[in-house]
Structure formats: C-alpha cells, structure tokens
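Structure below is data-v9.txt: compact mmCIF, C-alpha atoms.
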```txt
# COMPACT_ATOMS: atom_id res chain seq x y z
CA VAL V 82 96.65 110.79 125.20
CA GLN V 83 100.08 111.56 123.76
CA LEU V 84 101.39 110.16 120.50
CA GLN V 85 105.10 110.21 119.69
CA ALA V 86 106.07 109.46 116.10
CA SER V 87 109.61 108.52 115.18
CA GLY V 88 111.67 106.76 112.55
CA GLY V 89 111.65 109.28 109.75
CA GLY V 90 114.74 110.19 107.81
CA SER V 91 116.31 110.38 104.39
CA VAL V 92 116.44 107.39 102.10
CA GLN V 93 117.19 106.73 98.44
CA PRO V 94 114.46 105.62 96.03
CA GLY V 95 113.76 101.93 96.46
CA GLY V 96 114.80 102.02 100.08
CA SER V 97 112.88 101.25 103.25
CA LEU V 98 111.98 102.94 106.51
CA ARG V 99 110.06 101.86 109.57
CA LEU V 100 108.03 104.45 111.42
CA SER V 101 106.87 104.03 114.99
CA CYS V 102 104.13 105.73 116.98
CA ALA V 103 104.15 105.29 120.73
CA ALA V 104 100.94 106.06 122.58
CA SER V 105 100.78 107.02 126.24
CA GLY V 106 98.39 108.51 128.71
CA ARG V 107 94.73 107.68 129.20
CA LEU V 108 94.21 105.31 126.30
CA PHE V 109 90.79 104.09 125.26
CA SER V 110 89.26 101.17 123.46
CA PRO V 111 88.01 100.47 120.92
CA ASN V 112 90.20 102.64 118.77
CA VAL V 113 91.69 102.97 115.35
CA MET V 114 95.25 104.12 114.80
CA ASN V 115 96.09 105.80 111.54
CA TRP V 116 99.08 107.01 109.60
CA TYR V 117 98.56 110.18 107.61
CA ARG V 118 101.04 112.12 105.53
CA GLN V 119 101.32 115.62 104.19
CA ALA V 120 103.57 116.40 101.28
CA PRO V 121 104.77 119.96 100.61
CA GLY V 122 101.96 122.01 99.14
CA LYS V 123 99.42 119.22 99.47
CA GLN V 124 96.64 118.32 101.85
CA ARG V 125 97.09 115.76 104.55
CA GLU V 126 96.05 112.32 103.34
CA LEU V 127 95.34 109.00 104.99
CA VAL V 128 97.93 106.29 104.35
CA ALA V 129 96.80 103.29 106.39
CA SER V 130 94.68 102.34 109.39
CA ILE V 131 94.59 99.56 111.94
CA THR V 132 92.03 98.80 114.61
CA ASN V 133 92.87 97.68 118.13
CA THR V 134 91.85 94.17 117.00
CA GLY V 135 94.39 94.21 114.16
CA ILE V 136 92.17 94.86 111.17
CA SER V 137 94.12 96.96 108.69
CA GLU V 138 93.26 99.00 105.63
CA TYR V 139 95.43 100.78 103.10
CA GLU V 140 94.95 103.66 100.73
CA ASP V 141 96.01 103.07 97.14
CA PRO V 142 99.51 104.66 97.36
CA ALA V 143 100.39 102.31 100.21
CA LYS V 144 99.00 99.05 98.90
CA GLY V 145 101.66 96.44 98.24
CA ARG V 146 104.49 98.59 99.59
CA PHE V 147 103.61 99.58 103.15
CA THR V 148 102.66 97.40 106.09
CA ILE V 149 100.88 98.75 109.15
CA SER V 150 101.02 96.88 112.43
CA ARG V 151 100.64 97.48 116.13
CA ASP V 152 101.80 95.95 119.38
CA ASN V 153 99.10 96.56 121.96
CA THR V 154 101.37 95.35 124.77
CA LYS V 155 103.69 98.25 123.95
CA ASN V 156 100.94 100.70 122.86
CA THR V 157 102.91 101.22 119.68
CA MET V 158 101.96 101.31 116.02
CA TYR V 159 104.36 100.80 113.14
CA LEU V 160 104.51 101.53 109.45
CA GLN V 161 106.99 99.50 107.43
CA MET V 162 107.58 101.33 104.18
CA ASP V 163 109.32 99.53 101.32
CA SER V 164 110.05 100.45 97.72
CA LEU V 165 109.95 104.11 98.60
CA SER V 166 109.75 106.69 95.86
CA PRO V 167 110.20 110.48 95.84
CA GLU V 168 106.40 110.75 95.82
CA ASP V 169 106.42 109.34 99.36
CA THR V 170 108.30 112.38 100.63
CA ALA V 171 106.13 113.93 103.33
CA VAL V 172 105.67 114.53 107.01
CA TYR V 173 104.04 111.42 108.43
CA TYR V 174 101.60 111.81 111.30
CA CYS V 175 100.10 109.21 113.57
CA ASN V 176 96.57 109.50 114.83
CA MET V 177 94.39 107.66 117.32
CA ARG V 178 90.64 107.93 117.03
CA GLY V 179 87.72 106.50 118.95
CA PRO V 180 84.22 105.57 117.73
CA GLY V 181 82.32 108.52 116.36
CA GLY V 182 85.44 110.66 116.41
CA ILE V 183 84.85 111.82 119.98
CA HIS V 184 88.47 111.06 120.79
CA ASP V 185 90.91 112.26 118.16
CA TYR V 186 94.60 112.63 118.97
CA TRP V 187 97.60 113.46 116.78
CA GLY V 188 101.32 113.00 117.05
CA GLN V 189 103.82 115.64 116.08
CA GLY V 190 104.89 114.17 112.74
CA THR V 191 108.11 112.70 111.43
CA LEU V 192 109.71 113.74 108.15
CA VAL V 193 110.42 111.19 105.44
CA THR V 194 112.55 112.33 102.52
CA VAL V 195 113.09 110.07 99.52
CA SER V 196 115.75 111.43 97.22
CA SER V 197 118.74 110.30 95.24
```

Would you put the structure from the file into structure tokens?
Amino acid sequence: VQLQASGGGSVQPGGSLRLSCAASGRLFSPNVMNWYRQAPGKQRELVASITNTGISEYEDPAKGRFTISRDNTKNTMYLQMDSLSPEDTAVYYCNMRGPGGIHDYWGQGTLVTVSS
C-alpha cells in the first residue's frame, strides 16, 4: 500500500487548506484512515479518523474547524481545514490501518504553515 499526501502550503491565520491522501496498491478492508500531524519539537498527534464506512472522529484541536472525508471510488481521503491558526503549523501525515494494527501504512507528509 502506498499513500501520497498532498495539498499542504502556506496560509494566513483564518485561512483554509484542503489536504488529500491518495491510496494505491493492495488495499484492504475494513480499514481506518487517519490524519496525524507533527509540529516542530512535538510528538506526532492524531487529528482525525474515518472508517471505510464513513464514520469519523476528531481530536479536540480539530473539532468544529476540520472536516475529514473520503471517496472510496477514488481511494482518496481528504482533510478540509478551516479557521487555521499558527498552532496548526505542522507536517500532516496520512495513515491507513487495519483491524488490530496488523496493516499500518504511512504517507510521506505534507507541510502546512500558518503565518501572517
């Protein structure tokens, strides 16, 4: 399985970005796709998750501002990020995981910089 994250960039506070994560290869089901992020000097943290059936969950920093979605016909996951703040500056990674964590794949990360 290969995961390709894209869509990062620089944006001013209050702005928006949409990240994408395209999955290819020998995909499996059921699965959960996740967005993680790692800010400079901090540990990687979970941002949001979505199952292959469309059930989503958000960590507190993302609630009310970010929207996770996926298009199974395109094997692609998205993260719509609105009302961005400098605290959202990080490398964002996508992840696909199977039940029990037997399958666990990571994308290469895409940098999001929020600065005025």

Note to self: To one decimal place in Å, what is the distance between atom CA of Asn176 of chain V and atom CA of Gly135 of chain V?
What the structure shows: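 Separation of atom CA of Asn176 of chain V and atom CA of Gly135 of chain V: 15.5 Å.
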
Within 10 Å of Glu140 of chain V, counting all atoms listed in the file, which residues show up once you throw out same-chain ones fewer than 4 positions away? Write them as a PDB file with C-alpha atoms, keeping the file's coordinate frame, please.
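out_39.pdb written:
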```pdb
ATOM      1  CA  GLU V 126      96.050 112.320 103.340  1.00  0.00           C
ATOM      2  CA  LEU V 127      95.340 109.000 104.990  1.00  0.00           C
ATOM      3  CA  VAL V 128      97.930 106.290 104.350  1.00  0.00           C
ATOM      4  CA  ALA V 129      96.800 103.290 106.390  1.00  0.00           C
ATOM      5  CA  SER V 130      94.680 102.340 109.390  1.00  0.00           C
ATOM      6  CA  LYS V 144      99.000  99.050  98.900  1.00  0.00           C
ATOM      7  CA  PHE V 147     103.610  99.580 103.150  1.00  0.00           C
TER       8      PHE V 147
END
```

For Ile136 of chain V, list every protein, DNA or RNA residue within 10 Å, evaluated using all atoms listed in the file, and leave out those in the same chain fewer than 3 positions away; present the list as a compact mmCIF listing (two decimals) with C-alpha atoms, keeping the file's coordinate frame.
```
# COMPACT_ATOMS: atom_id res chain seq x y z
CA VAL V 113 91.69 102.97 115.35
CA SER V 130 94.68 102.34 109.39
CA ILE V 131 94.59 99.56 111.94
CA THR V 132 92.03 98.80 114.61
CA ASN V 133 92.87 97.68 118.13
CA ILE V 149 100.88 98.75 109.15
CA SER V 150 101.02 96.88 112.43
```

Next item on the list: Kindly indicate which residue among V:Val82, V:Ile183, V:Met177, V:Ala171 lies nearest to Gln119 of chain V, using only C-alpha atoms for the distances.
Entry: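 Distance minimum relative to Gln119 of chain V lands on V:Ala171.
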
Step by step, gather every atom of segment 118-121 of chain V that the file lists, find the box along x, y and z that holds them, add 4 Å on each side, and finally give centre and edge lengths in Å to one decimal, as lines of an AutoDock Vina configuration file.
```
center_x = 102.9
center_y = 116.0
center_z = 103.1
size_x = 11.7
size_y = 15.8
size_z = 12.9
```

What's the 10 Å shell around Asn156 of chain V, counting all atoms listed in the file, without same-chain residues fewer than 2 positions away, as a PDB file with C-alpha atoms, keeping the file's coordinate frame?
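Contents of around_34.pdb, as written:
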```pdb
ATOM      1  CA  LEU V  84     101.390 110.160 120.500  1.00  0.00           C
ATOM      2  CA  CYS V 102     104.130 105.730 116.980  1.00  0.00           C
ATOM      3  CA  ALA V 103     104.150 105.290 120.730  1.00  0.00           C
ATOM      4  CA  ALA V 104     100.940 106.060 122.580  1.00  0.00           C
ATOM      5  CA  SER V 105     100.780 107.020 126.240  1.00  0.00           C
ATOM      6  CA  LEU V 108      94.210 105.310 126.300  1.00  0.00           C
ATOM      7  CA  ASN V 133      92.870  97.680 118.130  1.00  0.00           C
ATOM      8  CA  ARG V 151     100.640  97.480 116.130  1.00  0.00           C
ATOM      9  CA  ASP V 152     101.800  95.950 119.380  1.00  0.00           C
ATOM     10  CA  ASN V 153      99.100  96.560 121.960  1.00  0.00           C
ATOM     11  CA  THR V 154     101.370  95.350 124.770  1.00  0.00           C
ATOM     12  CA  MET V 158     101.960 101.310 116.020  1.00  0.00           C
TER      13      MET V 158
END
```

Next item on the list: Select, from V:Gln189, V:Thr134, V:Gln124, V:Ser97, the residue with the minimum atom-to-atom distance to Met162 of chain V, counting all atoms listed in the file.
Entry: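 Of all the options, V:Ser97 lies closest to Met162 of chain V.
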
Check: From the list V:Arg125, V:Pro111, V:Gly96, V:Gly106, which residue is nearest Gly181 of chain V when using all atoms listed in the file?
Finding: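 For Gly181 of chain V, the nearest of the candidates is V:Pro111.
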
Margin query: Restricting the calculation to all atoms listed in the file: of V:Glu138, V:Gln83, V:Lys155, V:Gln161, which residue gets closest to Tyr186 of chain V?
Written below: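 Using all atoms listed in the file, the shortest distance to Tyr186 of chain V belongs to V:Gln83.
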
Next item on the list: Find the residues with any atom within 8 Å of (88.3, 104.3, 120.0); use all atoms listed in the file and the coordinates as given in the file, and write the answer as a list of chain:residue names.
Entry: V:Phe109, V:Ser110, V:Pro111, V:Asn112, V:Val113, V:Met177, V:Arg178, V:Gly179, V:Pro180, V:Gly182, V:His184

Would you mind completing segment 140-154 of chain V so that it carries N, CA, C and O atoms, and writing it out as a compact mmCIF listing (two decimals), in the coordinates of the input?
```txt
# COMPACT_ATOMS: atom_id res chain seq x y z
N GLU V 140 95.30 102.84 101.87
CA GLU V 140 94.95 103.66 100.73
C GLU V 140 95.81 103.22 99.55
O GLU V 140 96.85 102.57 99.72
N ASP V 141 95.36 103.57 98.36
CA ASP V 141 96.01 103.07 97.14
C ASP V 141 97.53 103.29 97.09
O ASP V 141 98.27 102.36 96.71
N PRO V 142 98.05 104.46 97.47
CA PRO V 142 99.51 104.66 97.36
C PRO V 142 100.32 103.71 98.24
O PRO V 142 101.50 103.50 97.98
N ALA V 143 99.68 103.16 99.26
CA ALA V 143 100.39 102.31 100.21
C ALA V 143 100.25 100.82 99.91
O ALA V 143 101.05 100.02 100.41
N LYS V 144 99.28 100.47 99.13
CA LYS V 144 99.00 99.05 98.90
C LYS V 144 100.17 98.35 98.23
O LYS V 144 100.70 98.82 97.22
N GLY V 145 100.58 97.24 98.81
CA GLY V 145 101.66 96.44 98.24
C GLY V 145 103.05 96.90 98.62
O GLY V 145 104.03 96.20 98.33
N ARG V 146 103.17 98.07 99.23
CA ARG V 146 104.49 98.59 99.59
C ARG V 146 104.64 98.85 101.08
O ARG V 146 105.74 98.73 101.62
N PHE V 147 103.56 99.24 101.73
CA PHE V 147 103.61 99.58 103.15
C PHE V 147 102.87 98.52 103.95
O PHE V 147 101.90 97.92 103.49
N THR V 148 103.32 98.33 105.18
CA THR V 148 102.66 97.40 106.09
C THR V 148 102.45 98.09 107.43
O THR V 148 103.43 98.52 108.06
N ILE V 149 101.20 98.17 107.85
CA ILE V 149 100.88 98.75 109.15
C ILE V 149 100.71 97.64 110.16
O ILE V 149 100.18 96.57 109.84
N SER V 150 101.16 97.88 111.37
CA SER V 150 101.02 96.88 112.43
C SER V 150 100.98 97.61 113.76
O SER V 150 101.27 98.81 113.84
N ARG V 151 100.63 96.89 114.80
CA ARG V 151 100.64 97.48 116.13
C ARG V 151 100.91 96.40 117.15
O ARG V 151 100.56 95.23 116.97
N ASP V 152 101.54 96.81 118.24
CA ASP V 152 101.80 95.95 119.38
C ASP V 152 101.07 96.55 120.56
O ASP V 152 101.53 97.54 121.14
N ASN V 153 99.92 96.00 120.89
CA ASN V 153 99.10 96.56 121.96
C ASN V 153 99.76 96.43 123.33
O ASN V 153 99.45 97.20 124.24
N THR V 154 100.67 95.48 123.47
CA THR V 154 101.37 95.35 124.77
C THR V 154 102.34 96.51 124.98
O THR V 154 102.69 96.83 126.11
```
